[in-house]
Amino acid sequence: MNWRNEVLQSDPDPVETREWIESLKAVIDRDGPERAHGLLEDMVELARRSGAVMPFSPTTEYVNTIPPHLEAKSPGDADLEWRIRSIIRWNAMATVVRANRKPGDLGGHIASFASSATLYDVGFNHFWRAPSENHPGDLICVQGHSSPGIYARSFLEGRISEAQLNNFRTEVDGQGISSYPHPWLMPDYWQVPTVSMGLGPLAAIYQAQFMKYLENRGLIEKSDRKVWCFIGDGETDEPETLGAISLAGREGLDNLVFVINCNLQRLDGPVRGNGKIIQELEGVFRGGGWNVIKLLWGSYWDPLFARDTSGMLRKLMMETVDGEYQNCKAFGGAYTREHFFGKYPETAAMVTSLSDDDLWRLNRGGHDPHKVYAAYHAAVNTKGMPTVILAKTVKGYGMGSAGESLNPTHQTKKLDDDSVKHFRDRFNIPVSDKQLQDAEEIPYFHPGEDSPEVQYLKARRAELGGYLPARRRKASKSFDVPTLDKYERLLKSSGERSYSTTMAFVQTLNIALRDKEVGPRLVPIVADEARTFGMEGLFRQIGIYAPFGQKYKPVDADQLMYYREDQSGQVLQQGISEPGAIASWMAAGTSYSVSDVPMLPFYIYYSMFGFQRVGDLAWQAADMRTRGFLLGGTAGRTTLNGEGLQHEDGFSQIVAGGIPNVRSYDPTFGYEVTVIVQQGMKSMLQDQIDEYYYVTLMNENYPHPEMPKGAEDGIIKGMYLLKDAGKPKKGELRVQLLGSGTILREAIAAAELLEKDFGVTADIWSCPSFNELRRDGFDAERWNRLHPEAKSPRKAHVTKLLEDHQGPAIAATDYVRAFADQIRAFVPMTYTVLGTDGFGRSDTRANLRRFFEVDRYYIAHAAIAALAKDGKMTGKDVARAIKEYKIDPEKANPVGV
């Protein structure tokens with residue numbers, strides 16, 4: 001019993017109460033519910049000021065938000081749309097079942113689209129605009145498991161062939177279509193990868209925010225375009241799904257619509273069997289500042305609600321938990337009569353005139369196109385806040401005993417012949433028993449190009465600007481980026497001046513920002529760490545984006561680099577949210593496709609909080625063909641010396657190397673940073689190549705030399721000769737020292753030790769990208785394997801550089817040994833790798849490098865040991881190096897400490 005019922009039951013003056021209620025009803029009848037709401041708000045405020053405790057409930061009754069008399073009426077042909085929807089349902093089912101009657105266990109899903117077909121159908125027929133001359137187009141984030149239904153619609157439209165449907169999930173030979181929305185695999189079709197649950201909603205929020213960003217910066221015209229995101233109710237348990245909804249509410253993203261398909265079931269069973277997921281979500285979204293539209297009951301319920309003068313039906317609906325609602329759809333009308341309506345005499349009496357079949361047909365709101373239309377109409381006309389539609393549906397709708405509302409429904413991929421016939425009959429598909437019997441596979445059904453169904457479907461899409469989903473591969477305009485000579489001062493020696501590679505990046509970015517063409521296209525993004533990376537100067541220079549401007553005077557207003565927020569600000573400051581910041585980065589990095597506005601985002605963060613923390617998003621970005629820079633600041637296991645285990649990054653480069661279209665670099669010197677950034681800008685913004693760059697940056701200050709002449713190509717390829725020791729003299733001992741990042745400087749120092757203490761000379765190689773070197777080597781290796789009779793076998797870049805140099809090679813980095821070890825197969829001499837395997841810890845940089853055995857002394861010792869292994873020196877020389885460099889042979893292995 002809630003507090004309102006308790007108050008009414010103990011009412012000291014029922015007559016006065018009735019008068020108040022009648023007065024309020026008169027206001028509603030005369031002036032409408034909005035006026036009544038305003039009066040109630042005023043009375044609540046007066047009561048609170050008087051000291052009354054006003055209990056707050058974030059949820060409303062378990063009924064539709066929009067009453068029947070306020071529903072917008074659909075202008076569509078209901079009969080035609082039902083036939084179209086039925087055909088799409090059939091072909092979606094047939095696609096999955098046909099695939100899974102073949103050998104190979106390809107998988108696929110029937111139940112998700114079965115429950116949401118109406119939700120998609122109404123959107124495609126009446127609301128979702130394609131990009132055209134008249135409109136920038138809406139963005140639709142399709143729930144991944146519903147992809148067969150989207151393909152089935154495109155089949156009727158003539159965009160996807162029967163051969164492609166036959167090759168659902170068989171893509172290797174080029175005829176297939178992908179299992180889920182994958183822009184990398186279908187670059188003209190899908191826009192947003194969504195099936196890694198939780199990532200679609202996060203992407204949608206930040207896409208909506210970025211559209212507003214582009215509008216407020218004057219880069220696109222303001223419009224009524226929307227981002228629609230389809231989510232399963234079980235998916236809302238993913239932290240990413242709900243993690244950023246407060247941002248959408250806070251910024252008033254009225255261009256965003258969530259449609260949550262509440263079929264009450266997740267993969268293994270009920271979402272909230274003992275509770276009510278819709279009520280829970282209503283409270284969460286209302287608290288986050290969203291407009292919530294509950295779409296629970298279809299039109300067949302309206303007469304029952306009209307007769308519910310006692311309120312007992314509403315009371316029953318509030319009391320019934322989701323597990324029981326699932327039972328009602330699984331076990332039919334008789335069960336529903338006894339176990340649902342039969343709970344109270346009043347509700348039992350309401351359905352005495354209805355048959356069991358009538359009760360079973362009492363539809364849920366998400367399956368009623370009229371109710372769905374009304375909800376969508378209300379959503380697109382809501383101003384000042386985002387909207388979520390909580391649409392109640394039935395999992396596996398139409399699958400009958402094969403899976404409708406049953407726990408295993410999600411995993412159902414095959415239907416027996418009887419279930420297929422039931423599905424056919426349920427949706428009146430003109431396929432005969434003989435056709436089902438004679439066909440090797442379940443036949444698809446296409447009513448014909450000239451049929452009323454296809455003509456209607458195509459007409460609706462023409463009215464809305466064209467077909468969806470559809471993806472733009474390249475922006476209509478490219479931008480020439482500043483050439484390398486524009487950064488000339490950053491390519492020269494810094495002399496005695498010391499700075500970090502982070503500062504080298506900031507200086508490079510500042511030069512690019514001053515370019516009139518490219519500057520406005522750059523989007524600096526931080527997750528509340530701009531001052532850490534020395535980027536606070538951008539606050540005043542280009543401003544922090546704030547959709548409503550700066551409504552206060554900042555505390556540091558009297559300082560040169562004060563905290564300036566602006567509606568047209570360029571910096572996206574996303575707060576302490578790494579997933580939010582990278583989702584924002586993805587929105588900016590796909591703007592060329594979504595909005596035909598090429599933008600190039602630079603997201604800088606603690607390197608440890610990148611690929612480790614948001615690895616799934618980094619993979620999503622690759623799939624989505626995002627273009628931009630990820631910059632891992634305070635990188636390496638020994639440069640962030642005071643932060644310790646949780647913050648010291650020793651493997652982000654390894655993770656980055658596993659993503660096919662990521663180009664990753666670990667530069668040491670400022671000119672390397674500049675060359676990499678300039679090349680990346682040219683590749684992504686000017687040449688429109690679908691790749692993104694990961695660059696690790698450090699906070700250690702040191703002098704930077706001038707760029708060696710002609711080093712640009714080697715920097716991008718991943719390796720070049722930094723210091724040539726010259727042609728070896730007869731009998732001279734020579735080694736090859738390789739390094740990247742901050743540890744390259746230790747290799748340089750080790751070369752000095754070797755020459756001074758042992759007379760060993762060293763060529764020094766800078767390797768800004770062991771990952772690029774590995775890829776190049778694998779490419780050469782594969783080509784040679786496939787071309788055994790070629791007269792000129794290919795050589796890896798590493799091999800070509802080192803084959804004419806003498807001595808063993810020693811590589812050392814601030815990352816785990818596996819990083820530099822990737823190129824072992826292509827190194828034409830004895831190869832030793834040092835790295836920072838093990839957990840990080842806090843100490844000075846010198847002590848950390850000694851602990852991880854990557855400092856100059858360990859590098860020099862490793863070189864002597866390698867020469868001894870090659871027979872050029874002896875064990876006594878190695879022992880002398882151990883003594884000379886104070887190395888403890890019994891020191892514990894840092895991997896296990």
# chains A, B, ... in the order shown; residues from 1 in each chain; ligands from 1

call {"tool": "select_by_dssp", "arguments": {"residues": "range 483-543 of chain A", "states": "strand (DSSP E or B)", "output": "ChimeraX atom specification"}}
result
/A:499,522-526

call {"tool": "residues_around", "arguments": {"residues": "range 346-353 of chain A", "least_positions_apart": "2", "cutoff": "9 Å", "atoms": "only C-alpha atoms", "output": "number ranges by chain"}}
result
A: 304, 307-308, 310, 312-313, 316, 337-338, 340-344, 355, 359

call {"tool": "closest_residue", "arguments": {"among": "A:Leu754, A:Leu738, A:Met586, A:Ile659", "to": "Leu802 in chain A", "atoms": "only C-alpha atoms"}}
result
A:Leu738

call {"tool": "residues_around", "arguments": {"residues": "Val292 in chain A", "least_positions_apart": "4", "cutoff": "12 Å", "atoms": "only C-alpha atoms", "output": "MDAnalysis selection string"}}
result
chainID A and resid 58:60 64:66 249 257:260 278:288 375:376 378:379 382 385:391

call {"tool": "residues_around", "arguments": {"residues": "Asp804 in chain A", "least_positions_apart": "5", "cutoff": "12 Å", "atoms": "only C-alpha atoms", "output": "PyMOL selection string"}}
result
chain A and resi 726-728+736+763+798-799+827-829

call {"tool": "write_last_selection", "arguments": {"atoms": "C-alpha atoms", "output": "PDB file, in the first residue's frame"}}
result
ATOM      1  CA  GLY A 726      80.783   4.630 -39.196  1.00  0.00           C
ATOM      2  CA  LYS A 727      82.417   1.815 -41.078  1.00  0.00           C
ATOM      3  CA  PRO A 728      83.819  -0.681 -38.565  1.00  0.00           C
ATOM      4  CA  GLN A 736      73.257  -2.412 -32.827  1.00  0.00           C
ATOM      5  CA  ASP A 763      75.002   2.100 -34.193  1.00  0.00           C
ATOM      6  CA  VAL A 798      64.087  -4.078 -40.358  1.00  0.00           C
ATOM      7  CA  THR A 799      66.053  -6.593 -42.383  1.00  0.00           C
ATOM      8  CA  VAL A 827      66.415  -9.213 -37.311  1.00  0.00           C
ATOM      9  CA  PRO A 828      69.353 -10.789 -39.205  1.00  0.00           C
ATOM     10  CA  MET A 829      71.636 -11.180 -36.185  1.00  0.00           C
TER      11      MET A 829
END

call {"tool": "closest_atom_pairs", "arguments": {"of": "range 159-271 of chain A", "to": "range 326-330 of chain A", "cutoff": "12 Å", "atoms": "only C-alpha atoms", "output": "CSV"}}
result
residue,atom,partner,partner_atom,distance
A:Cys262,CA,A:Gln326,CA,11.3
A:Asn263,CA,A:Gln326,CA,8.6
A:Leu264,CA,A:Gln326,CA,7.2
A:Gln265,CA,A:Gln326,CA,8.3
A:Arg266,CA,A:Gln326,CA,11.9
A:Gly269,CA,A:Gln326,CA,9.8
A:Pro270,CA,A:Gln326,CA,7.9
A:Val271,CA,A:Gln326,CA,10.5

call {"tool": "write_last_selection", "arguments": {"atoms": "C-alpha atoms", "output": "mmCIF file, in the first residue's frame"}}
result
data_model
loop_
_atom_site.group_PDB
_atom_site.id
_atom_site.type_symbol
_atom_site.label_atom_id
_atom_site.label_comp_id
_atom_site.auth_asym_id
_atom_site.auth_seq_id
_atom_site.Cartn_x
_atom_site.Cartn_y
_atom_site.Cartn_z
ATOM 1 C CA CYS A 262 11.282 -4.160 -22.815
ATOM 2 C CA ASN A 263 10.466 -7.762 -23.632
ATOM 3 C CA LEU A 264 11.288 -8.502 -19.979
ATOM 4 C CA GLN A 265 13.880 -11.137 -20.924
ATOM 5 C CA ARG A 266 17.631 -11.191 -21.223
ATOM 6 C CA GLY A 269 15.751 -15.560 -18.344
ATOM 7 C CA PRO A 270 13.796 -12.599 -16.963
ATOM 8 C CA VAL A 271 15.560 -9.259 -16.633
#

call {"tool": "closest_residue", "arguments": {"among": "A:Arg824, A:Arg225, A:Lys791, A:Arg471", "to": "Met624 in chain A", "atoms": "only C-alpha atoms"}}
result
A:Arg471

call {"tool": "residues_around", "arguments": {"residues": "range 588-605 of chain A", "least_positions_apart": "2", "cutoff": "6 Å", "atoms": "only C-alpha atoms", "output": "mmCIF file with N, CA and C atoms, in the first residue's frame"}}
result
data_model
loop_
_atom_site.group_PDB
_atom_site.id
_atom_site.type_symbol
_atom_site.label_atom_id
_atom_site.label_comp_id
_atom_site.auth_asym_id
_atom_site.auth_seq_id
_atom_site.Cartn_x
_atom_site.Cartn_y
_atom_site.Cartn_z
ATOM 1 N N ARG A 472 27.917 7.020 -45.420
ATOM 2 C CA ARG A 472 28.767 7.814 -46.309
ATOM 3 C C ARG A 472 30.224 7.393 -46.083
ATOM 4 N N ALA A 475 33.847 12.081 -46.855
ATOM 5 C CA ALA A 475 33.235 13.406 -46.873
ATOM 6 C C ALA A 475 33.326 13.979 -48.279
ATOM 7 N N ARG A 521 38.769 22.474 -37.674
ATOM 8 C CA ARG A 521 38.381 21.067 -37.808
ATOM 9 C C ARG A 521 38.980 20.184 -36.721
ATOM 10 N N LEU A 522 39.882 20.721 -35.930
ATOM 11 C CA LEU A 522 40.545 19.931 -34.898
ATOM 12 C C LEU A 522 39.743 20.002 -33.596
ATOM 13 N N VAL A 523 39.626 18.867 -32.935
ATOM 14 C CA VAL A 523 38.809 18.781 -31.718
ATOM 15 C C VAL A 523 39.657 18.213 -30.579
ATOM 16 N N PRO A 524 40.235 19.081 -29.749
ATOM 17 C CA PRO A 524 40.956 18.568 -28.576
ATOM 18 C C PRO A 524 39.960 18.023 -27.550
ATOM 19 N N ILE A 525 40.238 16.830 -27.033
ATOM 20 C CA ILE A 525 39.351 16.194 -26.062
ATOM 21 C C ILE A 525 40.174 15.755 -24.858
ATOM 22 N N VAL A 526 39.683 16.068 -23.676
ATOM 23 C CA VAL A 526 40.347 15.628 -22.447
ATOM 24 C C VAL A 526 39.282 15.112 -21.475
ATOM 25 N N TRP A 585 35.234 11.137 -28.712
ATOM 26 C CA TRP A 585 36.266 11.099 -29.747
ATOM 27 C C TRP A 585 35.769 10.359 -30.984
ATOM 28 N N MET A 586 35.034 9.264 -30.773
ATOM 29 C CA MET A 586 34.479 8.522 -31.905
ATOM 30 C C MET A 586 33.449 9.356 -32.662
ATOM 31 N N SER A 607 47.993 7.117 -20.352
ATOM 32 C CA SER A 607 48.035 5.961 -21.259
ATOM 33 C C SER A 607 47.456 4.705 -20.625
ATOM 34 N N THR A 626 36.635 5.125 -37.441
ATOM 35 C CA THR A 626 36.930 6.406 -36.803
ATOM 36 C C THR A 626 38.295 6.904 -37.262
ATOM 37 N N ARG A 627 38.390 8.202 -37.459
ATOM 38 C CA ARG A 627 39.662 8.836 -37.799
ATOM 39 C C ARG A 627 40.018 9.834 -36.708
ATOM 40 N N GLY A 628 41.205 9.709 -36.158
ATOM 41 C CA GLY A 628 41.615 10.633 -35.110
ATOM 42 C C GLY A 628 42.853 10.135 -34.393
ATOM 43 N N PHE A 629 43.285 10.930 -33.407
ATOM 44 C CA PHE A 629 44.463 10.598 -32.618
ATOM 45 C C PHE A 629 44.062 10.240 -31.195
ATOM 46 N N LEU A 630 44.564 9.110 -30.720
ATOM 47 C CA LEU A 630 44.565 8.804 -29.296
ATOM 48 C C LEU A 630 45.980 9.030 -28.805
ATOM 49 N N LEU A 631 46.120 9.799 -27.741
ATOM 50 C CA LEU A 631 47.445 10.153 -27.255
ATOM 51 C C LEU A 631 47.581 9.713 -25.810
ATOM 52 N N GLY A 632 48.402 8.691 -25.602
ATOM 53 C CA GLY A 632 48.596 8.133 -24.270
ATOM 54 C C GLY A 632 49.673 8.889 -23.523
ATOM 55 N N GLY A 633 49.261 9.819 -22.697
ATOM 56 C CA GLY A 633 50.216 10.624 -21.947
ATOM 57 C C GLY A 633 50.781 9.872 -20.755
#

call {"tool": "select_by_dssp", "arguments": {"residues": "range 206-413 of chain A", "states": "helix (DSSP H, G or I)", "output": "PDB file with C-alpha atoms, in the first residue's frame"}}
result
ATOM      1  CA  TYR A 206      27.916  11.420 -27.655  1.00  0.00           C
ATOM      2  CA  GLN A 207      26.858  11.462 -31.311  1.00  0.00           C
ATOM      3  CA  ALA A 208      23.880  13.590 -30.268  1.00  0.00           C
ATOM      4  CA  GLN A 209      26.147  15.837 -28.234  1.00  0.00           C
ATOM      5  CA  PHE A 210      28.564  16.244 -31.139  1.00  0.00           C
ATOM      6  CA  MET A 211      25.758  17.211 -33.495  1.00  0.00           C
ATOM      7  CA  LYS A 212      24.882  20.026 -31.087  1.00  0.00           C
ATOM      8  CA  TYR A 213      28.592  20.891 -30.873  1.00  0.00           C
ATOM      9  CA  LEU A 214      28.786  21.253 -34.654  1.00  0.00           C
ATOM     10  CA  GLU A 215      25.648  23.399 -34.657  1.00  0.00           C
ATOM     11  CA  ASN A 216      26.845  25.674 -31.853  1.00  0.00           C
ATOM     12  CA  ASP A 233      16.030  -3.969 -21.466  1.00  0.00           C
ATOM     13  CA  GLY A 234      18.609  -6.550 -20.371  1.00  0.00           C
ATOM     14  CA  GLU A 235      21.312  -4.391 -21.940  1.00  0.00           C
ATOM     15  CA  THR A 236      20.601  -1.646 -19.424  1.00  0.00           C
ATOM     16  CA  ASP A 237      22.547  -3.648 -16.840  1.00  0.00           C
ATOM     17  CA  PRO A 239      27.263   0.236 -16.975  1.00  0.00           C
ATOM     18  CA  GLU A 240      27.933   1.917 -20.324  1.00  0.00           C
ATOM     19  CA  THR A 241      24.222   1.915 -21.218  1.00  0.00           C
ATOM     20  CA  LEU A 242      23.147   4.182 -18.387  1.00  0.00           C
ATOM     21  CA  ILE A 245      22.432   9.503 -19.470  1.00  0.00           C
ATOM     22  CA  SER A 246      22.930  12.354 -17.001  1.00  0.00           C
ATOM     23  CA  LEU A 247      25.053  14.148 -19.614  1.00  0.00           C
ATOM     24  CA  ALA A 248      22.180  13.911 -22.095  1.00  0.00           C
ATOM     25  CA  GLY A 249      19.778  15.315 -19.509  1.00  0.00           C
ATOM     26  CA  ARG A 250      22.192  17.997 -18.328  1.00  0.00           C
ATOM     27  CA  ILE A 277      12.387  -3.371 -15.135  1.00  0.00           C
ATOM     28  CA  ILE A 278      10.195  -0.721 -16.753  1.00  0.00           C
ATOM     29  CA  GLN A 279       9.479   0.966 -13.443  1.00  0.00           C
ATOM     30  CA  GLU A 280      13.153   0.802 -12.524  1.00  0.00           C
ATOM     31  CA  LEU A 281      14.205   2.393 -15.798  1.00  0.00           C
ATOM     32  CA  GLU A 282      11.521   5.059 -15.546  1.00  0.00           C
ATOM     33  CA  GLY A 283      12.943   6.169 -12.221  1.00  0.00           C
ATOM     34  CA  VAL A 284      16.525   6.156 -13.493  1.00  0.00           C
ATOM     35  CA  PHE A 285      15.774   8.176 -16.614  1.00  0.00           C
ATOM     36  CA  ARG A 286      13.403  10.625 -14.952  1.00  0.00           C
ATOM     37  CA  GLY A 287      16.046  11.260 -12.338  1.00  0.00           C
ATOM     38  CA  SER A 299      -5.222  -0.688 -28.065  1.00  0.00           C
ATOM     39  CA  TYR A 300      -7.052  -3.890 -27.060  1.00  0.00           C
ATOM     40  CA  TRP A 301      -6.540  -2.845 -23.445  1.00  0.00           C
ATOM     41  CA  ASP A 302      -8.189   0.561 -23.856  1.00  0.00           C
ATOM     42  CA  PRO A 303     -11.798  -0.677 -23.236  1.00  0.00           C
ATOM     43  CA  LEU A 304     -10.650  -2.443 -20.060  1.00  0.00           C
ATOM     44  CA  PHE A 305      -8.978   0.684 -18.749  1.00  0.00           C
ATOM     45  CA  ALA A 306     -12.126   2.662 -19.549  1.00  0.00           C
ATOM     46  CA  ARG A 307     -14.130   0.262 -17.356  1.00  0.00           C
ATOM     47  CA  MET A 312      -8.224  -2.294  -9.384  1.00  0.00           C
ATOM     48  CA  LEU A 313      -6.788  -3.093 -12.819  1.00  0.00           C
ATOM     49  CA  ARG A 314      -4.131  -0.429 -12.363  1.00  0.00           C
ATOM     50  CA  LYS A 315      -3.479  -1.742  -8.859  1.00  0.00           C
ATOM     51  CA  LEU A 316      -3.104  -5.283 -10.218  1.00  0.00           C
ATOM     52  CA  MET A 317      -0.705  -4.118 -12.905  1.00  0.00           C
ATOM     53  CA  MET A 318       1.481  -2.408 -10.317  1.00  0.00           C
ATOM     54  CA  GLU A 319       1.552  -5.503  -8.124  1.00  0.00           C
ATOM     55  CA  ASP A 322       7.773  -9.271 -14.634  1.00  0.00           C
ATOM     56  CA  GLY A 323       8.197 -12.994 -14.144  1.00  0.00           C
ATOM     57  CA  GLU A 324       4.430 -13.346 -13.941  1.00  0.00           C
ATOM     58  CA  TYR A 325       3.904 -11.121 -16.998  1.00  0.00           C
ATOM     59  CA  GLN A 326       6.208 -13.483 -18.867  1.00  0.00           C
ATOM     60  CA  ASN A 327       4.085 -16.441 -17.759  1.00  0.00           C
ATOM     61  CA  CYS A 328       0.931 -14.808 -19.083  1.00  0.00           C
ATOM     62  CA  LYS A 329       2.355 -14.652 -22.598  1.00  0.00           C
ATOM     63  CA  ALA A 330       4.002 -18.056 -22.418  1.00  0.00           C
ATOM     64  CA  PHE A 331       0.983 -20.002 -21.122  1.00  0.00           C
ATOM     65  CA  GLY A 333      -5.357 -16.852 -22.210  1.00  0.00           C
ATOM     66  CA  ALA A 334      -6.657 -19.409 -19.702  1.00  0.00           C
ATOM     67  CA  TYR A 335      -3.590 -18.959 -17.527  1.00  0.00           C
ATOM     68  CA  THR A 336      -3.929 -15.188 -17.759  1.00  0.00           C
ATOM     69  CA  ARG A 337      -7.601 -15.347 -16.736  1.00  0.00           C
ATOM     70  CA  GLU A 338      -6.862 -17.455 -13.646  1.00  0.00           C
ATOM     71  CA  HIS A 339      -3.521 -16.137 -12.460  1.00  0.00           C
ATOM     72  CA  PHE A 341      -7.270 -11.219 -13.759  1.00  0.00           C
ATOM     73  CA  GLY A 342      -8.478 -13.798 -11.250  1.00  0.00           C
ATOM     74  CA  LYS A 343      -6.511 -12.230  -8.427  1.00  0.00           C
ATOM     75  CA  PRO A 345     -13.137 -10.191  -8.102  1.00  0.00           C
ATOM     76  CA  GLU A 346     -13.310  -6.777  -9.750  1.00  0.00           C
ATOM     77  CA  THR A 347     -10.706  -7.630 -12.403  1.00  0.00           C
ATOM     78  CA  ALA A 348     -12.096 -11.118 -12.948  1.00  0.00           C
ATOM     79  CA  ALA A 349     -15.512  -9.589 -13.629  1.00  0.00           C
ATOM     80  CA  MET A 350     -14.038  -7.219 -16.203  1.00  0.00           C
ATOM     81  CA  ASP A 356      -9.390 -17.126 -23.584  1.00  0.00           C
ATOM     82  CA  ASP A 357      -8.281 -16.280 -27.115  1.00  0.00           C
ATOM     83  CA  ASP A 358      -9.390 -12.683 -26.550  1.00  0.00           C
ATOM     84  CA  LEU A 359      -7.281 -12.516 -23.409  1.00  0.00           C
ATOM     85  CA  TRP A 360      -4.268 -13.942 -25.213  1.00  0.00           C
ATOM     86  CA  GLY A 365       2.235  -1.471 -26.586  1.00  0.00           C
ATOM     87  CA  GLY A 366       5.384  -2.256 -28.527  1.00  0.00           C
ATOM     88  CA  HIS A 367       3.383  -4.435 -30.927  1.00  0.00           C
ATOM     89  CA  PRO A 369       1.705   0.425 -34.510  1.00  0.00           C
ATOM     90  CA  HIS A 370      -0.834   3.074 -33.539  1.00  0.00           C
ATOM     91  CA  LYS A 371       0.557   3.361 -30.012  1.00  0.00           C
ATOM     92  CA  VAL A 372       4.134   3.260 -31.322  1.00  0.00           C
ATOM     93  CA  TYR A 373       3.391   6.064 -33.754  1.00  0.00           C
ATOM     94  CA  ALA A 374       1.934   8.186 -30.949  1.00  0.00           C
ATOM     95  CA  ALA A 375       4.993   7.600 -28.779  1.00  0.00           C
ATOM     96  CA  TYR A 376       7.412   8.452 -31.602  1.00  0.00           C
ATOM     97  CA  HIS A 377       5.411  11.537 -32.491  1.00  0.00           C
ATOM     98  CA  ALA A 378       5.601  12.741 -28.902  1.00  0.00           C
ATOM     99  CA  ALA A 379       9.328  12.001 -28.768  1.00  0.00           C
ATOM    100  CA  VAL A 380      10.277  13.986 -31.874  1.00  0.00           C
ATOM    101  CA  GLY A 400       4.612 -19.825 -30.786  1.00  0.00           C
ATOM    102  CA  SER A 401       5.619 -22.872 -28.794  1.00  0.00           C
ATOM    103  CA  ALA A 402       9.100 -22.734 -30.374  1.00  0.00           C
ATOM    104  CA  ASN A 407      13.596 -18.539 -21.346  1.00  0.00           C
ATOM    105  CA  PRO A 408      15.640 -20.218 -24.142  1.00  0.00           C
ATOM    106  CA  THR A 409      14.100 -17.940 -26.769  1.00  0.00           C
ATOM    107  CA  HIS A 410      17.174 -15.797 -27.320  1.00  0.00           C
ATOM    108  CA  GLN A 411      19.282 -18.812 -28.241  1.00  0.00           C
TER     109      GLN A 411
END

call {"tool": "atom_distance", "arguments": {"atom1": "CA of His145 in chain A", "atom2": "CA of Leu119 in chain A"}}
result
14.2 Å

call {"tool": "decode", "arguments": {"residues": "range 756-795 of chain A", "atoms": "C-alpha atoms", "output": "mmCIF file, in the first residue's frame"}}
result
data_model
loop_
_atom_site.group_PDB
_atom_site.id
_atom_site.type_symbol
_atom_site.label_atom_id
_atom_site.label_comp_id
_atom_site.auth_asym_id
_atom_site.auth_seq_id
_atom_site.Cartn_x
_atom_site.Cartn_y
_atom_site.Cartn_z
ATOM 1 C CA LYS A 756 84.448 4.059 -22.810
ATOM 2 C CA ASP A 757 84.635 0.868 -20.756
ATOM 3 C CA PHE A 758 84.957 -1.885 -23.371
ATOM 4 C CA GLY A 759 85.922 -0.263 -26.674
ATOM 5 C CA VAL A 760 82.664 -1.435 -28.252
ATOM 6 C CA THR A 761 81.079 0.914 -30.769
ATOM 7 C CA ALA A 762 77.355 1.069 -31.438
ATOM 8 C CA ASP A 763 75.002 2.100 -34.193
ATOM 9 C CA ILE A 764 71.895 3.555 -32.578
ATOM 10 C CA TRP A 765 68.482 3.026 -34.094
ATOM 11 C CA SER A 766 65.334 4.878 -33.148
ATOM 12 C CA CYS A 767 62.293 2.610 -33.458
ATOM 13 C CA PRO A 768 59.182 4.790 -33.039
ATOM 14 C CA SER A 769 56.939 1.842 -33.968
ATOM 15 C CA PHE A 770 57.780 -1.793 -33.357
ATOM 16 C CA ASN A 771 54.158 -2.471 -34.291
ATOM 17 C CA GLU A 772 54.567 -0.996 -37.763
ATOM 18 C CA LEU A 773 57.826 -2.909 -38.183
ATOM 19 C CA ARG A 774 56.087 -6.154 -37.273
ATOM 20 C CA ARG A 775 53.291 -5.571 -39.774
ATOM 21 C CA ASP A 776 55.755 -4.733 -42.512
ATOM 22 C CA GLY A 777 57.744 -7.875 -41.734
ATOM 23 C CA PHE A 778 54.678 -10.092 -41.750
ATOM 24 C CA ASP A 779 53.598 -8.615 -45.080
ATOM 25 C CA ALA A 780 56.974 -9.415 -46.634
ATOM 26 C CA GLU A 781 56.997 -12.895 -45.117
ATOM 27 C CA ARG A 782 53.503 -13.646 -46.434
ATOM 28 C CA TRP A 783 54.298 -12.332 -49.923
ATOM 29 C CA ASN A 784 57.386 -14.501 -50.157
ATOM 30 C CA ARG A 785 55.483 -17.557 -48.969
ATOM 31 C CA LEU A 786 52.835 -17.028 -51.660
ATOM 32 C CA HIS A 787 55.348 -16.225 -54.420
ATOM 33 C CA PRO A 788 57.965 -18.990 -54.112
ATOM 34 C CA GLU A 789 59.343 -18.465 -57.626
ATOM 35 C CA ALA A 790 59.758 -14.698 -57.423
ATOM 36 C CA LYS A 791 63.218 -13.558 -58.570
ATOM 37 C CA SER A 792 63.372 -10.822 -55.962
ATOM 38 C CA PRO A 793 61.967 -11.888 -52.600
ATOM 39 C CA ARG A 794 60.775 -9.028 -50.427
ATOM 40 C CA LYS A 795 62.658 -7.979 -47.352
#
